[in-house]
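Structure file my_file.csv; described as CSV, C-alpha atoms.
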chain,number,residue,atom,x,y,z
A,494,MET,CA,-19.0,42.3,16.3
A,495,LYS,CA,-22.8,42.6,16.9
A,496,LEU,CA,-23.5,40.4,13.9
A,497,ILE,CA,-21.1,37.8,15.1
A,498,LYS,CA,-22.6,37.8,18.6
A,499,LYS,CA,-26.1,37.5,17.1
A,500,THR,CA,-25.0,34.4,15.1
A,501,VAL,CA,-23.4,32.9,18.2
A,502,GLU,CA,-26.6,33.4,20.1
A,503,ARG,CA,-28.6,31.7,17.4
A,504,HIS,CA,-26.4,28.6,17.3
A,505,MET,CA,-26.3,28.4,21.1
A,506,ASN,CA,-30.1,28.7,21.4
A,507,LYS,CA,-30.5,25.9,18.9
A,508,LEU,CA,-27.9,23.5,20.4
A,509,CYS,CA,-28.4,24.2,24.1
A,510,GLY,CA,-31.9,25.5,24.3
A,511,GLU,CA,-33.9,23.6,21.7
A,512,ILE,CA,-31.9,20.4,21.3
A,513,GLY,CA,-30.5,20.2,24.8
A,514,ALA,CA,-28.4,17.3,26.2
A,515,ARG,CA,-26.5,15.7,23.3
A,516,ALA,CA,-25.1,12.4,24.6
A,517,THR,CA,-23.2,10.5,22.0
A,518,GLY,CA,-25.5,8.0,20.2
A,519,SER,CA,-28.7,9.7,21.3
A,520,ILE,CA,-31.4,11.1,19.0
A,521,ALA,CA,-30.6,14.6,20.2
A,522,ASN,CA,-26.9,14.1,19.4
A,523,GLN,CA,-27.9,13.2,15.9
A,524,SER,CA,-30.1,16.3,15.7
A,525,ALA,CA,-27.1,18.4,16.6
A,526,VAL,CA,-25.0,16.7,14.0
A,527,ASN,CA,-27.6,17.3,11.3
A,528,TYR,CA,-27.9,20.9,12.3
A,529,ALA,CA,-24.2,21.6,12.1
A,530,THR,CA,-23.8,19.6,8.8
A,531,LYS,CA,-26.6,21.8,7.2
A,532,VAL,CA,-24.9,25.0,8.4
A,533,PHE,CA,-21.5,23.9,6.9
A,534,GLU,CA,-23.1,22.7,3.6
A,535,ASN,CA,-25.2,25.9,3.2
A,536,LEU,CA,-21.9,27.9,3.5
A,537,GLY,CA,-20.3,26.0,0.7
A,538,TYR,CA,-18.0,23.7,2.8
A,539,GLU,CA,-17.2,20.2,1.8
A,540,VAL,CA,-18.5,18.0,4.6
A,541,LEU,CA,-17.3,14.5,5.6
A,542,LEU,CA,-19.4,12.6,8.1
A,543,GLN,CA,-17.3,10.1,10.0
A,544,GLU,CA,-19.5,7.4,11.5
A,545,PHE,CA,-18.6,5.0,14.4
A,546,ALA,CA,-20.4,2.5,16.6
A,547,CYS,CA,-21.3,3.5,20.1
A,548,MET,CA,-24.0,3.1,22.8
A,549,ASP,CA,-27.2,5.0,23.4
A,550,TRP,CA,-27.6,4.8,27.2
A,551,GLN,CA,-30.9,5.6,28.9
A,552,ASN,CA,-31.4,6.2,32.6
A,553,GLY,CA,-34.8,5.5,34.1
A,554,GLY,CA,-33.7,6.1,37.7
A,555,ALA,CA,-32.3,4.2,40.7
A,556,GLU,CA,-33.5,3.0,44.1
A,557,LEU,CA,-31.4,1.9,47.1
A,558,VAL,CA,-33.0,0.5,50.3
A,559,VAL,CA,-30.7,0.1,53.3
A,560,ASP,CA,-32.0,-1.5,56.4
A,561,GLY,CA,-35.5,-0.8,55.3
A,562,ARG,CA,-35.2,2.8,54.4
A,563,GLN,CA,-34.6,4.7,51.1
A,564,VAL,CA,-31.2,6.1,50.5
A,565,GLU,CA,-30.3,8.6,47.7
A,566,VAL,CA,-28.5,6.9,44.9
A,567,SER,CA,-27.7,7.5,41.2
A,568,ALA,CA,-27.0,5.0,38.4
A,569,ALA,CA,-23.5,5.3,37.1
A,570,GLU,CA,-23.4,6.4,33.5
A,571,TYR,CA,-23.5,3.4,31.0
A,572,SER,CA,-24.3,0.9,33.8
A,573,LEU,CA,-26.3,-2.2,33.2
A,574,PRO,CA,-29.7,-2.5,34.9
A,575,CYS,CA,-30.2,-4.6,38.0
A,576,ASP,CA,-32.6,-5.5,40.7
A,577,VAL,CA,-30.5,-7.2,43.3
A,578,THR,CA,-30.7,-8.0,47.1
A,579,GLY,CA,-27.6,-8.8,49.2
A,580,GLU,CA,-25.4,-7.9,52.0
A,581,PHE,CA,-22.8,-5.1,51.7
A,582,VAL,CA,-19.1,-5.8,51.6
A,583,CYS,CA,-17.3,-2.5,52.2
A,584,VAL,CA,-13.7,-2.1,50.9
A,585,GLU,CA,-11.5,1.0,51.0
A,586,SER,CA,-8.2,-0.2,49.5
A,587,LEU,CA,-6.9,-2.4,46.7
A,588,ASP,CA,-5.4,-4.9,49.2
A,589,LYS,CA,-8.7,-5.3,50.9
A,590,LEU,CA,-10.5,-5.7,47.6
A,591,LYS,CA,-8.1,-8.5,46.6
A,592,SER,CA,-9.0,-10.4,49.8
A,593,ALA,CA,-12.7,-9.7,49.9
A,594,GLU,CA,-15.4,-12.3,49.2
A,595,LEU,CA,-17.9,-10.6,46.9
A,596,ALA,CA,-19.9,-13.4,45.4
A,597,ASN,CA,-23.7,-12.7,45.9
A,598,LYS,CA,-22.8,-9.5,47.7
A,599,ILE,CA,-23.2,-5.8,46.9
A,600,CYS,CA,-19.7,-4.3,46.9
A,601,ILE,CA,-19.3,-0.8,48.5
A,602,LEU,CA,-16.1,1.0,47.3
A,603,TYR,CA,-14.8,4.0,49.2
A,604,GLY,CA,-11.6,5.5,50.5
A,605,ASP,CA,-8.5,5.1,48.3
A,606,LEU,CA,-10.6,3.2,45.7
A,607,CYS,CA,-12.7,6.3,45.1
A,608,LYS,CA,-10.2,9.1,45.2
A,609,GLU,CA,-10.7,9.7,41.4
A,610,THR,CA,-12.8,8.5,38.5
A,611,LEU,CA,-11.4,5.3,37.1
A,612,MET,CA,-10.5,5.2,33.5
A,613,PRO,CA,-12.7,3.0,31.3
A,614,LYS,CA,-11.2,-0.3,30.2
A,615,SER,CA,-10.9,0.7,26.5
A,616,MET,CA,-9.4,4.1,27.2
A,617,THR,CA,-6.1,4.2,25.3
A,618,PHE,CA,-5.0,7.8,25.9
A,619,TRP,CA,-4.3,7.4,29.6
A,620,ASN,CA,-5.1,4.4,31.8
A,621,PRO,CA,-3.1,4.0,35.1
A,622,GLU,CA,-2.3,0.4,36.2
A,623,GLU,CA,-4.0,1.1,39.6
A,624,HIS,CA,-7.3,1.8,37.8
A,625,GLN,CA,-7.0,-1.3,35.7
A,626,ALA,CA,-6.2,-3.4,38.8
A,627,ILE,CA,-9.4,-2.3,40.6
A,628,ILE,CA,-11.5,-3.2,37.6
A,629,ARG,CA,-9.8,-6.5,37.1
A,630,GLU,CA,-10.4,-7.5,40.8
A,631,LEU,CA,-14.1,-6.6,40.5
A,632,GLU,CA,-14.5,-8.6,37.3
A,633,VAL,CA,-12.9,-11.7,38.8
A,634,LYS,CA,-15.0,-11.5,42.0
A,635,GLN,CA,-18.3,-10.7,40.2
A,636,PRO,CA,-20.3,-9.0,43.0
A,637,LEU,CA,-24.1,-8.5,42.3
A,638,ALA,CA,-23.4,-4.8,41.9
A,639,VAL,CA,-20.9,-2.0,42.9
A,640,ILE,CA,-21.8,1.1,44.8
A,641,THR,CA,-19.1,3.8,44.9
A,642,VAL,CA,-18.9,6.4,47.6
A,643,SER,CA,-17.1,9.7,46.7
A,644,PHE,CA,-16.3,12.9,48.5
A,645,LEU,CA,-15.2,14.6,45.2
A,646,SER,CA,-18.3,16.9,45.2
A,647,GLU,CA,-21.6,17.6,46.8
A,648,VAL,CA,-23.4,15.4,44.2
A,649,PRO,CA,-22.8,11.7,43.6
A,650,VAL,CA,-19.8,11.1,41.4
A,651,PRO,CA,-19.8,7.8,39.6
A,652,ILE,CA,-16.3,6.5,40.0
A,653,ILE,CA,-16.9,3.8,37.3
A,654,GLN,CA,-18.4,5.2,34.1
A,655,ASP,CA,-17.7,2.4,31.6
A,656,GLY,CA,-20.0,0.8,29.0
A,657,ASP,CA,-17.6,-2.1,28.7
A,658,PHE,CA,-17.8,-2.9,32.4
A,659,ASP,CA,-20.6,-5.5,32.9
A,660,ILE,CA,-21.3,-5.3,36.6
A,661,PRO,CA,-24.1,-2.9,37.5
A,662,CYS,CA,-22.8,0.3,39.1
A,663,ALA,CA,-24.3,3.1,41.2
A,664,ALA,CA,-23.0,6.0,43.2
A,665,VAL,CA,-23.9,7.8,46.5
A,666,LYS,CA,-22.7,10.9,48.1
A,667,GLY,CA,-19.9,10.8,50.7
A,668,ASN,CA,-22.1,11.8,53.6
A,669,LEU,CA,-24.0,8.6,53.3
A,670,LEU,CA,-20.9,6.4,53.9
A,671,PRO,CA,-21.8,5.7,57.6
A,672,VAL,CA,-25.2,4.5,56.6
A,673,LEU,CA,-23.6,1.9,54.3
A,674,LEU,CA,-20.9,0.9,56.7
A,675,ASN,CA,-23.3,0.3,59.5
A,676,SER,CA,-25.8,-1.8,57.5
A,677,GLN,CA,-26.9,-4.9,59.5
A,678,GLY,CA,-28.5,-7.0,56.9
A,679,GLU,CA,-29.5,-7.5,53.2
A,680,ASN,CA,-30.2,-4.4,51.1
A,681,GLN,CA,-31.8,-3.8,47.7
A,682,LEU,CA,-30.4,-1.9,44.7
A,683,ARG,CA,-32.5,-1.3,41.6
A,684,LEU,CA,-31.1,0.4,38.5
A,685,CYS,CA,-33.6,1.2,35.7
A,686,THR,CA,-31.1,1.7,32.8
A,687,GLU,CA,-30.8,0.5,29.2
A,688,ARG,CA,-28.1,0.1,26.7
A,689,HIS,CA,-28.8,0.2,23.0
A,690,PRO,CA,-26.4,-0.1,20.1
A,691,ALA,CA,-26.1,3.2,18.2
A,692,VAL,CA,-24.1,5.0,15.6
A,693,ALA,CA,-22.7,8.5,16.1
A,694,THR,CA,-20.8,10.9,13.7
A,695,ASN,CA,-17.9,13.3,13.7
A,696,VAL,CA,-18.5,16.3,11.4
A,697,ILE,CA,-15.5,17.5,9.4
A,698,ALA,CA,-15.9,20.6,7.1
A,699,THR,CA,-13.2,21.8,4.8
A,700,LYS,CA,-12.5,24.5,2.2
A,701,GLY,CA,-9.5,25.4,0.2
A,702,THR,CA,-6.2,23.6,-0.4
A,703,GLY,CA,-2.7,23.6,1.1
A,704,LYS,CA,-1.6,22.7,4.6
A,705,LYS,CA,-4.4,22.5,7.1
A,706,LEU,CA,-5.4,25.1,9.7
A,707,SER,CA,-7.6,23.0,11.9
A,708,PHE,CA,-10.3,24.3,14.4
A,709,SER,CA,-12.1,21.8,16.6
A,710,ALA,CA,-14.7,21.5,19.3
A,711,HIS,CA,-16.8,18.6,20.6
A,712,ILE,CA,-20.5,18.5,19.9
A,713,ASP,CA,-21.5,15.9,22.5
A,714,THR,CA,-22.5,16.3,26.1
A,715,LYS,CA,-23.0,14.2,29.2
A,716,PRO,CA,-26.5,12.7,29.3
A,717,THR,CA,-28.1,15.2,31.8
A,718,THR,CA,-26.7,18.5,30.7
A,719,PRO,CA,-27.5,21.0,27.9
A,720,GLY,CA,-23.8,21.6,27.8
A,721,ALA,CA,-23.7,25.3,27.2
A,722,LEU,CA,-20.0,25.8,28.2
A,723,ASP,CA,-19.2,22.1,27.7
A,724,ASN,CA,-19.2,22.5,24.8
A,725,GLY,CA,-22.1,24.3,23.0
A,726,SER,CA,-20.0,27.4,23.1
A,727,GLY,CA,-17.1,25.8,21.2
A,728,VAL,CA,-19.5,24.4,18.5
A,729,ALA,CA,-21.2,27.8,18.2
A,730,ALA,CA,-17.9,29.5,17.8
A,731,LEU,CA,-16.8,27.1,15.0
A,732,LEU,CA,-20.2,27.4,13.2
A,733,THR,CA,-19.9,31.2,13.4
A,734,LEU,CA,-16.3,31.1,12.3
A,735,ALA,CA,-17.3,29.0,9.3
A,736,GLU,CA,-19.6,31.8,8.2
A,737,GLN,CA,-16.9,34.4,8.7
A,738,LEU,CA,-14.4,32.4,6.6
A,739,ALA,CA,-16.8,31.3,3.9
A,740,SER,CA,-15.6,34.0,1.5
A,741,VAL,CA,-12.0,34.4,2.9
A,742,GLU,CA,-9.2,33.3,0.6
A,743,THR,CA,-6.2,31.8,2.3
A,744,ASP,CA,-3.1,29.7,1.4
A,745,TYR,CA,-4.3,27.0,3.8
A,746,GLN,CA,-7.0,24.4,3.8
A,747,ILE,CA,-9.5,25.4,6.6
A,748,GLU,CA,-10.6,22.3,8.5
A,749,LEU,CA,-13.4,22.6,11.0
A,750,VAL,CA,-13.8,19.4,13.2
A,751,LEU,CA,-16.8,18.7,15.4
A,752,PHE,CA,-15.7,15.7,17.5
A,753,ASN,CA,-18.4,13.4,18.8
A,754,GLY,CA,-17.5,11.5,22.0
A,755,GLU,CA,-15.3,13.7,24.2
A,756,ASP,CA,-17.7,13.2,27.1
A,757,TYR,CA,-18.4,9.6,26.2
A,758,TYR,CA,-16.6,7.0,28.2
A,759,SER,CA,-14.2,5.8,25.5
A,760,MET,CA,-13.8,8.8,23.2
A,761,PRO,CA,-14.7,6.8,20.1
A,762,GLY,CA,-15.0,9.9,17.8
A,763,GLU,CA,-11.5,11.0,18.7
A,764,THR,CA,-10.2,7.4,18.1
A,765,THR,CA,-11.9,7.3,14.7
A,766,PHE,CA,-10.5,10.7,13.7
A,767,MET,CA,-7.0,9.6,14.7
A,768,ALA,CA,-7.3,6.4,12.6
A,769,GLU,CA,-9.0,7.8,9.6
A,770,SER,CA,-8.0,11.5,9.4
A,771,LEU,CA,-4.9,12.2,11.5
A,772,THR,CA,-2.7,9.8,9.4
A,773,ASP,CA,-0.3,12.5,8.1
A,774,PRO,CA,0.7,15.1,10.7
A,775,THR,CA,2.8,16.9,8.0
A,776,ALA,CA,-0.4,17.9,6.3
A,777,TYR,CA,-1.1,20.3,9.2
A,778,HIS,CA,0.2,23.8,9.8
A,779,CYS,CA,-1.4,24.0,13.3
A,780,ALA,CA,-4.6,23.3,15.2
A,781,PHE,CA,-6.9,25.2,17.6
A,782,ASN,CA,-9.3,23.5,20.0
A,783,VAL,CA,-12.2,25.4,21.6
A,784,ASP,CA,-13.7,23.9,24.7
A,785,GLY,CA,-15.5,25.8,27.4
A,786,VAL,CA,-15.2,29.4,26.2
A,787,GLY,CA,-17.8,32.0,27.1
A,788,MET,CA,-18.1,31.8,30.9
A,789,GLN,CA,-19.6,34.8,32.6
A,790,ASN,CA,-17.1,37.0,34.5
A,791,SER,CA,-14.2,35.3,33.0
A,792,SER,CA,-11.6,36.0,30.4
A,793,THR,CA,-10.5,33.5,27.8
A,794,SER,CA,-7.2,31.6,28.3
A,795,TYR,CA,-4.9,30.0,25.7
A,796,SER,CA,-2.1,27.5,26.0
A,797,PHE,CA,0.5,26.2,23.5
A,798,TYR,CA,1.5,22.6,22.7
A,799,GLU,CA,4.3,21.5,20.5
A,800,PHE,CA,4.5,25.1,19.2
A,801,PRO,CA,7.6,26.3,17.3
A,802,GLU,CA,8.8,29.7,18.6
A,803,GLU,CA,8.4,31.6,15.4
A,804,LEU,CA,4.8,30.5,15.0
A,805,LYS,CA,4.1,31.2,18.7
A,806,LEU,CA,5.3,34.8,18.3
A,807,LYS,CA,2.8,35.3,15.5
A,808,ILE,CA,0.0,34.1,17.7
A,809,GLU,CA,1.1,36.3,20.6
A,810,GLU,CA,1.1,39.4,18.4
A,811,ILE,CA,-2.6,38.8,18.0
A,812,THR,CA,-3.2,38.0,21.7
A,813,ALA,CA,-1.3,41.2,22.7
A,814,VAL,CA,-4.1,43.4,21.2
A,815,SER,CA,-6.9,41.1,22.5
A,816,PRO,CA,-7.4,42.1,26.2
A,817,GLN,CA,-9.9,39.3,26.8
A,818,LEU,CA,-7.2,36.7,26.1
A,819,GLU,CA,-4.6,35.6,28.6
A,820,PRO,CA,-2.0,32.8,28.7
A,821,THR,CA,-2.3,29.8,31.0
A,822,ASP,CA,-0.3,26.7,31.8
A,823,PRO,CA,-0.7,23.7,29.5
A,824,TRP,CA,-3.3,21.1,30.6
A,825,SER,CA,-3.4,17.6,29.3
A,826,MET,CA,-7.2,17.0,29.1
A,827,GLY,CA,-8.9,17.9,25.8
A,828,ASP,CA,-9.0,17.3,22.1
A,829,HIS,CA,-6.1,19.5,21.5
A,830,MET,CA,-3.9,16.7,22.8
A,831,LEU,CA,-4.8,14.6,19.7
A,832,PHE,CA,-3.0,17.0,17.6
A,833,ALA,CA,-0.2,17.7,20.0
A,834,GLY,CA,0.4,14.0,20.5
A,835,ALA,CA,0.9,13.7,16.7
A,836,GLY,CA,3.5,16.5,16.8
A,837,ILE,CA,1.1,19.1,15.3
A,838,PRO,CA,1.4,22.6,16.9
A,839,ALA,CA,-1.8,23.1,18.9
A,840,VAL,CA,-3.5,25.8,20.9
A,841,ALA,CA,-6.2,25.2,23.5
A,842,LEU,CA,-8.8,27.8,24.3
A,843,THR,CA,-11.1,27.8,27.3
A,844,SER,CA,-12.5,30.1,30.0
A,845,SER,CA,-9.9,31.2,32.5
A,846,ASN,CA,-12.1,30.5,35.5
A,847,ILE,CA,-13.8,27.4,34.3
A,848,TYR,CA,-12.2,25.1,36.9
A,849,SER,CA,-14.2,26.9,39.6
A,850,LEU,CA,-17.3,25.4,38.0
A,851,MET,CA,-16.1,21.8,37.7
A,852,GLU,CA,-18.0,20.4,40.7
A,853,ALA,CA,-21.2,22.4,40.8
A,854,VAL,CA,-21.8,23.1,37.1
A,855,MET,CA,-19.9,21.0,34.6
A,856,HIS,CA,-21.8,17.9,33.4
A,857,THR,CA,-24.9,19.0,35.3
A,858,PRO,CA,-28.2,20.7,34.3
A,859,ASN,CA,-26.6,23.9,35.6
A,860,ASP,CA,-24.4,24.2,32.6
A,861,ASN,CA,-27.1,26.1,30.7
A,862,LEU,CA,-27.4,29.4,28.7
A,863,SER,CA,-27.9,31.5,31.9
A,864,ILE,CA,-24.1,31.2,32.7
A,865,VAL,CA,-22.9,32.2,29.2
A,866,ASP,CA,-21.3,35.5,28.1
A,867,PHE,CA,-22.0,35.7,24.3
A,868,ASP,CA,-19.5,38.5,23.9
A,869,ARG,CA,-16.7,36.3,25.1
A,870,ILE,CA,-17.6,33.7,22.5
A,871,ALA,CA,-17.9,36.3,19.7
A,872,GLU,CA,-14.4,37.7,20.7
A,873,THR,CA,-13.0,34.1,20.4
A,874,VAL,CA,-14.5,34.0,16.8
A,875,VAL,CA,-12.8,37.3,16.0
A,876,PHE,CA,-9.5,36.0,17.4
A,877,LEU,CA,-9.6,32.8,15.3
A,878,LYS,CA,-10.5,34.8,12.2
A,879,LYS,CA,-7.4,36.9,12.7
A,880,ILE,CA,-5.3,33.7,13.0
A,881,VAL,CA,-6.5,32.7,9.6
A,882,GLN,CA,-5.7,36.1,8.1
A,883,THR,CA,-2.2,36.4,9.6
A,884,CYS,CA,-0.8,32.9,10.0
Would you write the structure of this file as structure tokens?
Amino acid sequence: MKLIKKTVERHMNKLCGEIGARATGSIANQSAVNYATKVFENLGYEVLLQEFACMDWQNGGAELVVDGRQVEVSAAEYSLPCDVTGEFVCVESLDKLKSAELANKICILYGDLCKETLMPKSMTFWNPEEHQAIIRELEVKQPLAVITVSFLSEVPVPIIQDGDFDIPCAAVKGNLLPVLLNSQGENQLRLCTERHPAVATNVIATKGTGKKLSFSAHIDTKPTTPGALDNGSGVAALLTLAEQLASVETDYQIELVLFNGEDYYSMPGETTFMAESLTDPTAYHCAFNVDGVGMQNSSTSYSFYEFPEELKLKIEEITAVSPQLEPTDPWSMGDHMLFAGAGIPAVALTSSNIYSLMEAVMHTPNDNLSIVDFDRIAETVVFLKKIVQTC
């Protein structure tokens, strides 16, 4: 166990300490891919690098001047740049958006229009009609820019995060809404952002033959976070598991998948994997996705998807002697749904208390090595190794 923990710490320090934020398409993201690829190859795995086109988005900051004074603002991820001046038009519902005149104006979205993050235009897994309708209205009316006002957390939450949406977007905190609503004249918004075409890569390592036992985690992060829990811990667990399984003989083909793009606006790595690798669900025995394990002061939870009862009982025999593991209700967000959606039995592993960190920690600089329990990650590796040995 000590050796496993030491290996986990080494991988976490490399990914989250040395490399840091690993946004899809960035130089750091490619460094993480290169590192993981070398680990797999040195252990004797056959490695497939699955490339796809994406965007490297750079954020040089944002400025908003309302009635002559500076107001805190953030550029929405993947936004185009702008330097525009115009009056505000504030709308809080879809009906009011449909009737609003937005040409040469800066559109302020709040209320019902900002109750949740809107799905990107190209998102195929889940995209409510209400979200699409908001985007369509904005694209027809073509305001100079869009500023969203959200009360979802204490930090600005960009309601529109879409590299296919070509109206500049920014976000402000909810407590600034009165300032925007009471504006008396023209205001200025400046977004210093850049979009660059890029290429990113899924990493798929395999060994052995037979039906596949698949283990997955996503290697990318949001642009501003070292992503220790989301999801350096999952990648470190899989790299450590690869070492533990390198000399293990099994009747299954071991597949280790590092998805690239789970935190990118359109999940292109997952889409590429589905199109190129997930073409024959009958080739799989079952799949395990690791995302967010290793939170301090938390156990590790697991949940089943499309799992036959006989196979579930085998897994539960292992969890019964693993006190750090506990069952939880299924949740529909995560890469395990790629496998479950194809009818492949899947298990999701995460930290039981991770939802308490969603607002203040996830996708922020606070998701760093200081909040990680390396013992929990090592225990996850031990559990996954037992799966291979007993399934």
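The residue that comes closest to Thr530 in chain A, out of A:Ala698, A:Val692, A:Ile747, A:Ala663 and on the basis of all atoms listed in the file, is A:Ala698.
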Give me, as a PDB file with C-alpha atoms, in the frame of the given file, all polymer residues having an atom no more than 6 Å from His711 in chain A, counting all atoms listed in the file and skipping those fewer than 5 positions away in the same chain.
ATOM      1  CA  LEU A 751     -16.800  18.700  15.400  1.00  0.00           C
ATOM      2  CA  PHE A 752     -15.700  15.700  17.500  1.00  0.00           C
ATOM      3  CA  ASN A 753     -18.400  13.400  18.800  1.00  0.00           C
TER       4      ASN A 753
END
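You will find CA of Val874 in chain A at 21.7 Å from CA of Thr702 in chain A.
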For range 811-826 of chain A, find every residue with an atom within 8 Å (counting only C-alpha atoms), except residues of its own chain fewer than 4 positions away, and show them as a list in words.
Ser792, Thr793, Ser794, Tyr795, Ser796, Phe797, Tyr798, Lys807, Met830, Ser845, Arg869, Glu872, Phe876, Lys879 and Ile880 of chain A
Expected file contents, prior selection, C-alpha atoms, as a CSV table (one decimal), keeping the file's coordinate frame:
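Writing the result to out_22.csv gives the following:
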chain,number,residue,atom,x,y,z
A,792,SER,CA,-11.6,36.0,30.4
A,793,THR,CA,-10.5,33.5,27.8
A,794,SER,CA,-7.2,31.6,28.3
A,795,TYR,CA,-4.9,30.0,25.7
A,796,SER,CA,-2.1,27.5,26.0
A,797,PHE,CA,0.5,26.2,23.5
A,798,TYR,CA,1.5,22.6,22.7
A,807,LYS,CA,2.8,35.3,15.5
A,830,MET,CA,-3.9,16.7,22.8
A,845,SER,CA,-9.9,31.2,32.5
A,869,ARG,CA,-16.7,36.3,25.1
A,872,GLU,CA,-14.4,37.7,20.7
A,876,PHE,CA,-9.5,36.0,17.4
A,879,LYS,CA,-7.4,36.9,12.7
A,880,ILE,CA,-5.3,33.7,13.0
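Counting all atoms listed in the file, Glu585 in chain A has the following residues at most 7 Å away, ignoring those fewer than 6 positions along the same chain: Leu602, Tyr603, Gly604, Asp605 and Leu606 of chain A.
Nearest residue to Ala638 in chain A, choosing from A:Val577, A:Val728, A:Cys583, A:Ile697 and counting only C-alpha atoms: A:Val577.
With all atoms listed in the file as the atoms that count, the residue of A:Asp723, A:Asp549, A:Glu580, A:Glu623 with the shortest distance to Asp756 in chain A is A:Asp723.
Comparing the minimum interatomic distances between Tyr538 in chain A and each of A:Thr699, A:Gln654, A:Ser592, A:Ser726, counting all atoms listed in the file, we find that A:Thr699 sits nearest.
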Record the distance separating CA of Gln789 in chain A and CA of Asp866 in chain A, expressed in Å with one decimal.
4.9 Å
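Here the question is which of A:Glu742, A:Glu802, A:Asp713, A:Glu809 gets nearest to Ser519 in chain A using all atoms listed in the file, and that residue is A:Asp713.
Among A:Gly579, A:Gly537, A:Pro651, A:Pro716, the residue with the shortest atom-to-atom distance to Trp550 in chain A, counting all atoms listed in the file, is A:Pro716.
Taking CA of Ala833 in chain A as the reference point, CA of Tyr777 in chain A is found at 11.1 Å.
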Please report as a tab-separated table every residue of range 701-815 of chain A lying within 7 Å of range 495-512 of chain A, along with the nearest atom pair and their distance in Å (one decimal), using all atoms listed in the file.
residue	atom	partner	partner_atom	distance
A:Pro719	CA	A:Cys509	CA	5.0
A:Gly720	CA	A:Cys509	CA	6.5
A:Ala721	CA	A:Cys509	CA	5.7
A:Gly725	CA	A:Met505	CA	6.2
A:Ser726	CA	A:Met505	CA	6.7
A:Ala729	CA	A:His504	CA	5.3
A:Ala730	CA	A:Val501	CA	6.5
A:Thr733	CA	A:Val501	CA	6.2
Residue selection dump (C-alpha atoms) as a PDB file, in the frame of the given file:
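After the write, result35.pdb holds the following:
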ATOM      1  CA  PRO A 719     -27.500  21.000  27.900  1.00  0.00           C
ATOM      2  CA  GLY A 720     -23.800  21.600  27.800  1.00  0.00           C
ATOM      3  CA  ALA A 721     -23.700  25.300  27.200  1.00  0.00           C
ATOM      4  CA  GLY A 725     -22.100  24.300  23.000  1.00  0.00           C
ATOM      5  CA  SER A 726     -20.000  27.400  23.100  1.00  0.00           C
ATOM      6  CA  ALA A 729     -21.200  27.800  18.200  1.00  0.00           C
ATOM      7  CA  ALA A 730     -17.900  29.500  17.800  1.00  0.00           C
ATOM      8  CA  THR A 733     -19.900  31.200  13.400  1.00  0.00           C
TER       9      THR A 733
END
Mind listing whatever residues come within 10 Å of the point (-30.5, 14.2, 23.1)? Use only C-alpha atoms, file coordinates, and give them as a PDB file with C-alpha atoms, keeping the file's coordinate frame.
ATOM      1  CA  ILE A 512     -31.900  20.400  21.300  1.00  0.00           C
ATOM      2  CA  GLY A 513     -30.500  20.200  24.800  1.00  0.00           C
ATOM      3  CA  ALA A 514     -28.400  17.300  26.200  1.00  0.00           C
ATOM      4  CA  ARG A 515     -26.500  15.700  23.300  1.00  0.00           C
ATOM      5  CA  ALA A 516     -25.100  12.400  24.600  1.00  0.00           C
ATOM      6  CA  THR A 517     -23.200  10.500  22.000  1.00  0.00           C
ATOM      7  CA  GLY A 518     -25.500   8.000  20.200  1.00  0.00           C
ATOM      8  CA  SER A 519     -28.700   9.700  21.300  1.00  0.00           C
ATOM      9  CA  ILE A 520     -31.400  11.100  19.000  1.00  0.00           C
ATOM     10  CA  ALA A 521     -30.600  14.600  20.200  1.00  0.00           C
ATOM     11  CA  ASN A 522     -26.900  14.100  19.400  1.00  0.00           C
ATOM     12  CA  GLN A 523     -27.900  13.200  15.900  1.00  0.00           C
ATOM     13  CA  SER A 524     -30.100  16.300  15.700  1.00  0.00           C
ATOM     14  CA  ALA A 525     -27.100  18.400  16.600  1.00  0.00           C
ATOM     15  CA  ASP A 549     -27.200   5.000  23.400  1.00  0.00           C
ATOM     16  CA  ASP A 713     -21.500  15.900  22.500  1.00  0.00           C
ATOM     17  CA  THR A 714     -22.500  16.300  26.100  1.00  0.00           C
ATOM     18  CA  LYS A 715     -23.000  14.200  29.200  1.00  0.00           C
ATOM     19  CA  PRO A 716     -26.500  12.700  29.300  1.00  0.00           C
ATOM     20  CA  THR A 717     -28.100  15.200  31.800  1.00  0.00           C
ATOM     21  CA  THR A 718     -26.700  18.500  30.700  1.00  0.00           C
ATOM     22  CA  PRO A 719     -27.500  21.000  27.900  1.00  0.00           C
TER      23      PRO A 719
END
What would the list of residues within 9 Å of (-32.7, -2.2, 37.0) (file frame) look like as a list in words, if only C-alpha atoms are what count?
Gly553, Gly554, Ala555, Glu556, Leu573, Pro574, Cys575, Asp576, Val577, Pro661, Leu682, Arg683, Leu684, Cys685, Thr686 and Glu687 of chain A
Skip Lys591 in chain A itself and residues of its chain fewer than 2 positions away, then list as an MDAnalysis selection string all residues within 10 Å of it, counting only C-alpha atoms.
chainID A and resid 584 586:589 593:594 626:627 629:631 633:634
Just C-alpha atoms for this one: save the residues we selected as a compact mmCIF listing (two decimals), in the coordinates of the input.
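Saved the output as out19.txt:
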# COMPACT_ATOMS: atom_id res chain seq x y z
CA VAL A 584 -13.70 -2.10 50.90
CA SER A 586 -8.20 -0.20 49.50
CA LEU A 587 -6.90 -2.40 46.70
CA ASP A 588 -5.40 -4.90 49.20
CA LYS A 589 -8.70 -5.30 50.90
CA ALA A 593 -12.70 -9.70 49.90
CA GLU A 594 -15.40 -12.30 49.20
CA ALA A 626 -6.20 -3.40 38.80
CA ILE A 627 -9.40 -2.30 40.60
CA ARG A 629 -9.80 -6.50 37.10
CA GLU A 630 -10.40 -7.50 40.80
CA LEU A 631 -14.10 -6.60 40.50
CA VAL A 633 -12.90 -11.70 38.80
CA LYS A 634 -15.00 -11.50 42.00
